[in-house]
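Q: Data file coords.txt (compact mmCIF, C-alpha atoms) is appended below.
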# COMPACT_ATOMS: atom_id res chain seq x y z
CA MET W 29 1.70 -6.71 17.11
CA PRO W 30 4.60 -4.21 16.86
CA PRO W 31 7.70 -4.89 18.97
CA GLU W 32 7.56 -3.35 22.42
CA HIS W 33 10.52 -1.05 21.72
CA GLU W 34 8.82 0.59 18.74
CA SER W 35 7.52 4.11 19.17
CA PRO W 36 3.92 4.81 18.15
CA LEU W 37 5.19 6.66 15.09
CA GLN W 38 7.34 3.72 14.00
CA SER W 39 4.41 1.31 14.19
CA LEU W 40 2.08 3.70 12.35
CA THR W 41 4.53 4.38 9.51
CA ALA W 42 6.10 0.94 9.18
CA THR W 43 4.84 0.70 5.59
CA ASN W 44 5.11 2.94 2.52
CA VAL W 45 1.35 3.52 2.39
CA VAL W 46 -0.84 4.09 5.44
CA ILE W 47 -4.61 4.13 4.83
CA VAL W 48 -6.50 5.70 7.73
CA ALA W 49 -10.12 4.58 8.04
CA GLY W 50 -12.91 4.84 10.60
CA LYS W 51 -16.56 5.56 11.26
CA GLY W 52 -17.64 9.12 10.47
CA GLY W 53 -17.12 11.44 13.41
CA VAL W 54 -14.30 9.55 15.14
CA GLY W 55 -11.58 11.95 13.98
CA LYS W 56 -10.15 10.04 11.00
CA THR W 57 -8.95 13.20 9.28
CA THR W 58 -7.44 14.51 12.51
CA VAL W 59 -5.49 11.27 12.98
CA THR W 60 -4.29 11.47 9.36
CA ALA W 61 -2.94 14.97 10.03
CA VAL W 62 -1.28 13.92 13.31
CA ILE W 63 0.50 10.97 11.66
CA ALA W 64 1.68 13.18 8.80
CA ARG W 65 2.96 15.91 11.08
CA ALA W 66 4.81 13.47 13.35
CA ALA W 67 6.39 11.73 10.34
CA SER W 68 7.58 15.02 8.83
CA ARG W 69 9.16 15.97 12.15
CA ASP W 70 10.98 12.66 11.97
CA GLY W 71 12.60 13.83 8.74
CA ARG W 72 10.26 11.95 6.37
CA ARG W 73 9.00 13.20 3.03
CA VAL W 74 5.25 12.81 3.53
CA LEU W 75 2.47 12.85 0.98
CA VAL W 76 -1.05 13.19 2.37
CA VAL W 77 -3.83 12.00 0.06
CA GLU W 78 -7.34 13.35 0.65
CA LEU W 79 -10.25 11.64 -1.13
CA ASP W 80 -13.32 13.68 -0.17
CA GLY W 81 -12.48 17.04 -1.73
CA LYS W 82 -12.53 18.88 1.59
CA PRO W 83 -9.83 21.47 2.48
CA THR W 84 -9.69 20.35 6.12
CA LEU W 85 -6.27 18.72 5.85
CA ASP W 86 -4.77 21.80 4.21
CA GLU W 87 -5.91 23.84 7.21
CA LEU W 88 -4.76 21.32 9.82
CA LEU W 89 -1.35 20.95 8.18
CA ARG W 90 -0.53 24.59 7.69
CA ASN W 91 3.24 24.52 7.45
CA ASP W 92 5.15 25.45 10.59
CA GLY W 93 8.48 25.36 8.77
CA ASP W 94 9.71 27.11 5.65
CA ASP W 95 7.60 28.44 2.80
CA ASP W 96 8.67 25.57 0.53
CA GLY W 97 6.83 23.03 2.70
CA THR W 98 9.84 21.64 4.53
CA ASP W 99 9.84 20.93 8.23
CA PRO W 100 12.69 22.30 10.40
CA SER W 101 13.80 18.67 10.89
CA GLY W 102 14.32 18.19 7.17
CA GLY W 103 11.03 16.43 6.50
CA SER W 104 8.20 17.77 4.38
CA ILE W 105 4.45 17.48 3.87
CA GLU W 106 2.55 17.74 0.61
CA VAL W 107 -1.24 17.43 0.39
CA VAL W 108 -3.02 16.23 -2.76
CA HIS W 109 -6.74 15.85 -3.37
CA ILE W 110 -7.94 12.97 -5.56
CA SER W 111 -11.45 12.60 -6.94
CA ALA W 112 -12.62 9.43 -8.65
CA ALA W 113 -13.66 11.36 -11.79
CA GLU W 114 -10.30 13.09 -12.11
CA ALA W 115 -8.41 9.85 -11.48
CA LEU W 116 -10.44 8.05 -14.15
CA ASP W 117 -9.90 10.90 -16.60
CA GLU W 118 -6.14 10.71 -15.97
CA TYR W 119 -6.19 6.92 -16.35
CA LEU W 120 -7.85 7.18 -19.77
CA ARG W 121 -5.40 9.85 -20.92
CA ASP W 122 -2.41 7.81 -19.73
CA HIS W 123 -3.63 4.84 -21.77
CA GLY W 124 -4.00 6.72 -25.05
CA PHE W 125 -7.65 7.75 -24.83
CA GLN W 126 -7.15 11.53 -24.64
CA ARG W 127 -9.91 12.40 -27.10
CA ILE W 128 -12.38 10.01 -25.49
CA ALA W 129 -11.60 11.34 -22.02
CA LYS W 130 -12.13 14.92 -23.20
CA ARG W 131 -15.49 14.10 -24.75
CA LEU W 132 -16.63 12.08 -21.75
CA ASN W 133 -15.77 14.96 -19.45
CA LYS W 134 -17.66 17.46 -21.56
CA THR W 135 -20.79 15.32 -21.71
CA GLY W 136 -20.63 14.24 -18.05
CA VAL W 137 -20.51 10.58 -19.06
CA ILE W 138 -17.27 10.01 -17.17
CA ASP W 139 -19.18 10.43 -13.90
CA MET W 140 -21.40 7.50 -14.94
CA VAL W 141 -18.56 5.06 -15.64
CA GLY W 142 -18.20 4.18 -11.97
CA THR W 143 -21.84 3.11 -11.93
CA ALA W 144 -21.57 1.18 -15.17
CA ALA W 145 -18.42 -0.66 -14.05
CA PRO W 146 -18.64 -1.04 -10.25
CA GLY W 147 -15.27 -0.67 -8.57
CA ILE W 148 -13.44 0.94 -11.48
CA ASP W 149 -13.44 4.38 -9.84
CA ASP W 150 -11.97 2.98 -6.61
CA VAL W 151 -9.35 0.98 -8.50
CA VAL W 152 -8.10 3.99 -10.47
CA VAL W 153 -7.87 6.01 -7.26
CA LEU W 154 -5.88 3.22 -5.60
CA GLY W 155 -3.79 2.95 -8.75
CA LYS W 156 -2.92 6.63 -8.48
CA ILE W 157 -1.91 6.11 -4.83
CA LYS W 158 0.27 3.21 -6.00
CA LYS W 159 1.98 5.51 -8.51
CA TYR W 160 2.79 7.98 -5.75
CA GLU W 161 4.20 5.14 -3.65
CA GLN W 162 6.41 3.91 -6.48
CA SER W 163 7.58 7.36 -7.57
CA GLY W 164 10.39 7.51 -5.01
CA ASP W 165 9.44 11.09 -4.19
CA TYR W 166 7.98 10.24 -0.77
CA ASP W 167 8.99 8.17 2.23
CA VAL W 168 5.42 7.59 3.35
CA VAL W 169 2.00 8.17 1.77
CA VAL W 170 -0.77 8.76 4.32
CA VAL W 171 -4.28 8.38 2.91
CA ASP W 172 -7.31 9.94 4.57
CA GLY W 173 -9.43 6.99 3.54
CA PRO W 174 -13.18 6.59 3.26
CA ALA W 175 -15.47 6.06 6.23
CA ALA W 176 -15.50 2.53 7.63
CA GLY W 177 -18.58 1.43 5.66
CA HIS W 178 -17.05 2.40 2.31
CA ALA W 179 -13.53 1.31 3.31
CA ILE W 180 -14.38 -2.35 2.76
CA THR W 181 -15.81 -1.85 -0.74
CA PHE W 182 -13.02 0.60 -1.55
CA LEU W 183 -10.32 -1.91 -0.65
CA THR W 184 -12.06 -4.95 -2.20
CA SER W 185 -12.75 -3.21 -5.52
CA ALA W 186 -9.53 -4.45 -7.14
CA THR W 187 -10.27 -8.09 -6.30
CA GLY W 188 -13.78 -7.76 -7.73
CA LEU W 189 -12.52 -6.31 -10.99
CA ALA W 190 -9.70 -8.83 -11.27
CA ASN W 191 -12.25 -11.61 -10.99
CA ALA W 192 -14.45 -10.03 -13.65
CA VAL W 193 -11.77 -9.01 -16.20
CA ARG W 194 -9.33 -11.60 -17.52
CA SER W 195 -6.89 -9.35 -19.38
CA GLY W 196 -6.17 -5.82 -20.53
CA PRO W 197 -5.16 -2.60 -18.76
CA VAL W 198 -7.97 -2.78 -16.20
CA ARG W 199 -6.84 -6.25 -15.13
CA THR W 200 -3.22 -5.05 -14.98
CA GLN W 201 -4.27 -2.08 -12.86
CA SER W 202 -6.29 -4.30 -10.53
CA ASP W 203 -3.43 -6.78 -10.12
CA GLY W 204 -1.03 -3.96 -9.26
CA VAL W 205 -3.41 -2.60 -6.63
CA ILE W 206 -3.91 -6.06 -5.12
CA GLU W 207 -0.12 -6.51 -4.89
CA LEU W 208 0.13 -3.21 -3.01
CA LEU W 209 -2.72 -3.90 -0.59
CA THR W 210 -1.61 -7.41 0.30
CA ASP W 211 2.09 -6.61 0.76
CA ALA W 212 2.60 -6.13 4.50
CA LYS W 213 5.84 -4.24 3.85
CA ARG W 214 4.20 -1.72 1.54
CA CYS W 215 0.71 -1.05 2.91
CA GLN W 216 -1.29 -1.13 6.12
CA VAL W 217 -4.68 0.11 7.29
CA VAL W 218 -4.88 2.10 10.51
CA LEU W 219 -8.39 2.07 11.98
CA VAL W 220 -9.61 4.94 14.16
CA THR W 221 -12.27 4.78 16.85
CA LEU W 222 -13.58 6.57 19.90
CA ALA W 223 -13.79 4.83 23.28
CA GLU W 224 -17.55 4.49 22.91
CA THR W 225 -19.77 1.47 22.38
CA THR W 226 -20.94 2.00 18.79
CA PRO W 227 -17.58 3.09 17.32
CA VAL W 228 -15.82 0.18 19.05
CA ASN W 229 -18.39 -2.27 17.67
CA GLU W 230 -17.92 -0.89 14.18
CA VAL W 231 -14.13 -0.85 14.27
CA VAL W 232 -14.08 -4.51 15.37
CA GLU W 233 -16.46 -5.49 12.54
CA THR W 234 -14.42 -3.51 10.02
CA ALA W 235 -11.14 -5.06 11.17
CA PHE W 236 -12.41 -8.62 10.75
CA ALA W 237 -13.98 -7.79 7.38
CA LEU W 238 -10.74 -6.29 6.07
CA GLU W 239 -8.70 -9.27 7.22
CA ASP W 240 -11.16 -11.76 5.71
CA ASN W 241 -11.96 -10.00 2.43
CA VAL W 242 -8.87 -7.97 1.58
CA GLY W 243 -5.94 -9.61 3.34
CA VAL W 244 -4.50 -6.20 4.14
CA GLN W 245 -2.11 -5.66 7.04
CA LEU W 246 -3.78 -3.96 10.00
CA GLY W 247 -1.72 -1.47 11.96
CA PRO W 248 -2.38 -0.27 15.50
CA ILE W 249 -5.90 0.88 16.30
CA VAL W 250 -5.95 4.56 17.19
CA VAL W 251 -8.38 5.41 20.00
CA ASN W 252 -9.00 9.11 19.52
CA GLY W 253 -10.26 11.71 21.98
CA VAL W 254 -9.32 9.85 25.16
CA ASP W 255 -9.77 11.78 28.41
CA ASP W 256 -6.30 11.55 29.93
CA GLY W 257 -7.18 13.66 32.98
CA ALA W 258 -4.89 16.51 32.00
CA ALA W 259 -5.63 20.20 32.48
CA LEU W 260 -8.67 19.79 34.70
CA PRO W 261 -8.52 19.71 38.51
CA ASP W 262 -9.99 17.06 40.79
CA VAL W 263 -13.08 18.93 41.89
CA ASP W 264 -13.52 16.77 44.98
CA ALA W 265 -10.23 18.19 46.28
CA GLU W 266 -11.37 21.76 45.77
CA ASP W 267 -13.98 21.96 48.53
CA ALA W 268 -12.44 25.12 49.95
CA ALA W 269 -12.66 26.88 46.64
CA LEU W 270 -16.17 25.59 46.05
CA GLY W 271 -17.22 26.88 49.45
CA GLU W 272 -16.55 30.42 48.28
CA MET W 273 -18.90 30.03 45.32
CA THR W 274 -22.64 30.28 45.19
CA SER W 275 -24.52 27.03 45.62
CA VAL W 276 -25.56 27.21 41.96
CA ASP W 277 -21.98 27.56 40.69
CA ALA W 278 -20.69 24.83 42.99
CA GLY W 279 -23.53 22.53 41.92
CA VAL W 280 -22.74 23.04 38.26
CA ILE W 281 -19.07 22.25 38.82
CA ARG W 282 -19.84 19.14 40.86
CA ALA W 283 -22.27 17.95 38.16
CA ALA W 284 -19.62 18.52 35.51
CA ALA W 285 -17.07 16.60 37.57
CA ALA W 286 -19.51 13.70 38.04
CA PHE W 287 -20.18 13.60 34.30
CA ARG W 288 -16.48 13.56 33.56
CA ARG W 289 -15.83 10.73 36.00
CA SER W 290 -18.61 8.66 34.42
CA ARG W 291 -17.24 9.44 30.97
CA ARG W 292 -13.75 8.30 31.92
CA ALA W 293 -15.15 5.12 33.47
CA MET W 294 -17.05 4.37 30.25
CA GLU W 295 -13.94 4.98 28.16
CA SER W 296 -11.93 2.61 30.35
CA ILE W 297 -14.54 -0.14 29.90
CA GLU W 298 -14.64 0.29 26.11
CA ILE W 299 -10.85 0.38 25.78
CA LYS W 300 -10.57 -2.89 27.71
CA ARG W 301 -13.35 -4.44 25.61
CA LEU W 302 -11.59 -3.41 22.41
CA ALA W 303 -8.36 -5.00 23.67
CA ASN W 304 -10.19 -8.22 24.47
CA GLU W 305 -11.90 -8.41 21.08
CA MET W 306 -9.02 -7.24 18.87
CA PRO W 307 -5.46 -8.49 19.51
CA LEU W 308 -3.91 -5.36 18.03
CA ALA W 309 -1.83 -2.62 19.59
CA GLN W 310 -3.75 0.47 20.65
CA LEU W 311 -2.54 4.06 20.44
CA HIS W 312 -4.42 6.62 22.49
CA LEU W 313 -4.65 10.25 21.39
CA PRO W 314 -5.80 12.67 24.10
CA ALA W 315 -8.93 14.75 23.76
CA ARG W 316 -8.39 18.40 22.90
CA LEU W 317 -10.97 20.44 24.80
CA VAL W 318 -11.41 23.11 22.14
CA ALA W 319 -14.25 24.14 19.86
CA GLY W 320 -12.28 23.46 16.66
CA LEU W 321 -8.86 21.97 16.05
CA THR W 322 -6.09 24.05 14.49
CA SER W 323 -2.63 23.25 13.18
CA ALA W 324 -1.29 24.10 16.65
CA ASP W 325 -3.45 21.34 18.16
CA ILE W 326 -2.14 18.90 15.53
CA ASP W 327 1.41 19.80 16.54
CA LEU W 328 0.64 19.09 20.20
CA MET W 329 -1.05 15.78 19.41
CA ALA W 330 1.89 14.76 17.21
CA ASP W 331 4.06 14.88 20.34
CA VAL W 332 2.22 11.79 21.60
CA LEU W 333 3.46 9.74 18.64
CA THR W 334 7.09 10.36 19.51
CA GLU W 335 6.79 8.73 22.92
CA SER W 336 8.79 5.53 23.48
CA GLU W 337 5.79 3.33 24.26
CA ALA W 338 2.16 3.10 23.20
CA HIS W 339 -0.93 1.93 25.00
CA ARG W 340 -1.27 -1.66 23.86
CA GLY W 341 -4.19 -4.02 23.79
For the structure just supplied, provide its representation as structure tokens.
A:
Amino acid sequence: MPPEHESPLQSLTATNVVIVAGKGGVGKTTVTAVIARAASRDGRRVLVVELDGKPTLDELLRNDGDDDGTDPSGGSIEVVHISAAEALDEYLRDHGFQRIAKRLNKTGVIDMVGTAAPGIDDVVVLGKIKKYEQSGDYDVVVVDGPAAGHAITFLTSATGLANAVRSGPVRTQSDGVIELLTDAKRCQVVLVTLAETTPVNEVVETAFALEDNVGVQLGPIVVNGVDDGAALPDVDAEDAALGEMTSVDAGVIRAAAAFRRSRRAMESIEIKRLANEMPLAQLHLPARLVAGLTSADIDLMADVLTESEAHRG
């Protein structure tokens, strides 16, 4: 558990590589963007790695500083997109197989290699992340990792290959990835959840599986979308205002208030349950009551990570 005097940002970026993982729909990509933005404000050179080929992070991290990507504080953010096929193609070229890689790409065979050699595609992706970490060009590499179900196979791929291959470049690559993942000073996994029953169940299962099967350092658990009570009035205290409305309007507002109270009660129960089941620090990001998040919302959420204390389990 991080020291009590650490800020949320310090605990989230205590390692060179931060892999963000969580069940689909919990806001994993949003949390990745928030961590990156807060770190750049802190003067860090940040590389954000996106693995799914979606432009979401580019949109959420639209630069609010200069045109060259620097933050007014002196930090910077760069976003790269890595696909398994491209990473494998680069790996083959780097190891003297340029002609083979070109032919495999043309015939589409390179897309089949991952199936023929399970785990090789994940290992080359992790190897590319390791190269970024060792380049010296970045202070922190934040990875928008796979969904929780794939996160375990993604992070155990190197161990599986190392057990299957005794020597050669693939074994060397696997060993290097294992060294990165198991070094608590270089890499940690930050799990994301919502304060709801199913996501909490899954994040607990994932945390234990990662500790048992990978040996990777677990950072604080980020509870996303928490109703912090901000921006909405206590409807029960607005009887005078409600009295001036039609009975239909007042009924709708009271029903909405009742739903919100029940929602907050449920979140409180799940947050306490998570704390009881997982002895890890918790960081709570407030819900943004908007239809779609923008870079401005990411900026506001990044403010939370600069606070002096975090919610802790």
Q: Between W:Ile326, W:Ile47, W:Val205, W:Val332, which is the closest to Val170 (chain W) once you count all atoms listed in the file?
A: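 Looking at the shortest contact to Val170 (chain W), the residue is W:Ile47.
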Q: Report, in Å with one decimal, the straight-line distance from CA of Ala175 (chain W) to CA of Ser68 (chain W).
A: 24.9 Å
Q: Need to verify the contact set: Leu246 (chain W), 9 Å, all atoms listed in the file, exclusion of same-chain residues closer than 5 positions in sequence. Can you return it as a ChimeraX atom specification?
A: /W:212,215-219,235,238-239,308
Q: Do you have the CA of Gln310 (chain W)-CA of Arg90 (chain W) distance handy?
A: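 Computing the Euclidean distance for CA of Gln310 (chain W) and CA of Arg90 (chain W) yields 27.6 Å.
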Q: Have a look at W:Leu37, W:Val220, W:Leu183, W:Ile105 and name the one nearest to Asp240 (chain W); count all atoms listed in the file.
A: W:Leu183
Q: Measure the distance from CA of Lys56 (chain W) to CA of Ile180 (chain W) in Å and round it to one decimal.
A: 15.5 Å
Q: Arg292 (chain W): which residues within 12 Å, counting only C-alpha atoms, same-chain residues fewer than 6 positions away excluded, as a VMD selection string?
A: chain W and resid 223 to 224 253 to 257 285 to 286 298 to 299 314 to 315
Q: Could you check the closest approach to Val45 (chain W) for each of W:Ala179, W:Leu333, W:Val244, W:Leu89 and tell me which residue wins, using all atoms listed in the file?
A: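 Distance minimum relative to Val45 (chain W) lands on W:Val244.
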Q: Identify which of the residues W:Glu114, W:Val171, W:Gly188, W:Leu222 lies closest to Ala64 (chain W), counting all atoms listed in the file when measuring atom-to-atom distances.
A: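 Going through W:Glu114, W:Val171, W:Gly188, W:Leu222 one by one, the smallest distance to Ala64 (chain W) is for W:Val171.
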Q: Could you pull the residues within 12 Å of Thr226 (chain W), counting all atoms listed in the file, minus those fewer than 6 positions along the same chain, as a list in words?
A: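 Everything that qualifies: Gly50, Lys51, Gly52, Gly53, Val54, Val232, Glu233, Glu298 and Leu302 of chain W.
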Q: Go ahead and dump the residues you just picked, C-alpha atoms, as a JSON list (two decimals), keeping the file's coordinate frame.
A:
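Final file, out31.json:
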[["chain", "number", "residue", "atom", "x", "y", "z"],
["W", 50, "GLY", "CA", -12.91, 4.84, 10.60],
["W", 51, "LYS", "CA", -16.56, 5.56, 11.26],
["W", 52, "GLY", "CA", -17.64, 9.12, 10.47],
["W", 53, "GLY", "CA", -17.12, 11.44, 13.41],
["W", 54, "VAL", "CA", -14.30, 9.55, 15.14],
["W", 232, "VAL", "CA", -14.08, -4.51, 15.37],
["W", 233, "GLU", "CA", -16.46, -5.49, 12.54],
["W", 298, "GLU", "CA", -14.64, 0.29, 26.11],
["W", 302, "LEU", "CA", -11.59, -3.41, 22.41]]
Q: Of the candidates W:Gly155, W:Tyr166, W:Val251, W:His178, which shows the shortest atom-to-atom distance to Thr200 (chain W), using all atoms listed in the file?
A: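 Of W:Gly155, W:Tyr166, W:Val251, W:His178, the one nearest Thr200 (chain W) is W:Gly155, counting all atoms listed in the file.
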Q: Between W:Arg289, W:Val228, W:Ala284, W:Leu321, single out the one closest to Met306 (chain W), counting all atoms listed in the file.
A: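 Selected residue with least distance to Met306 (chain W): W:Val228.
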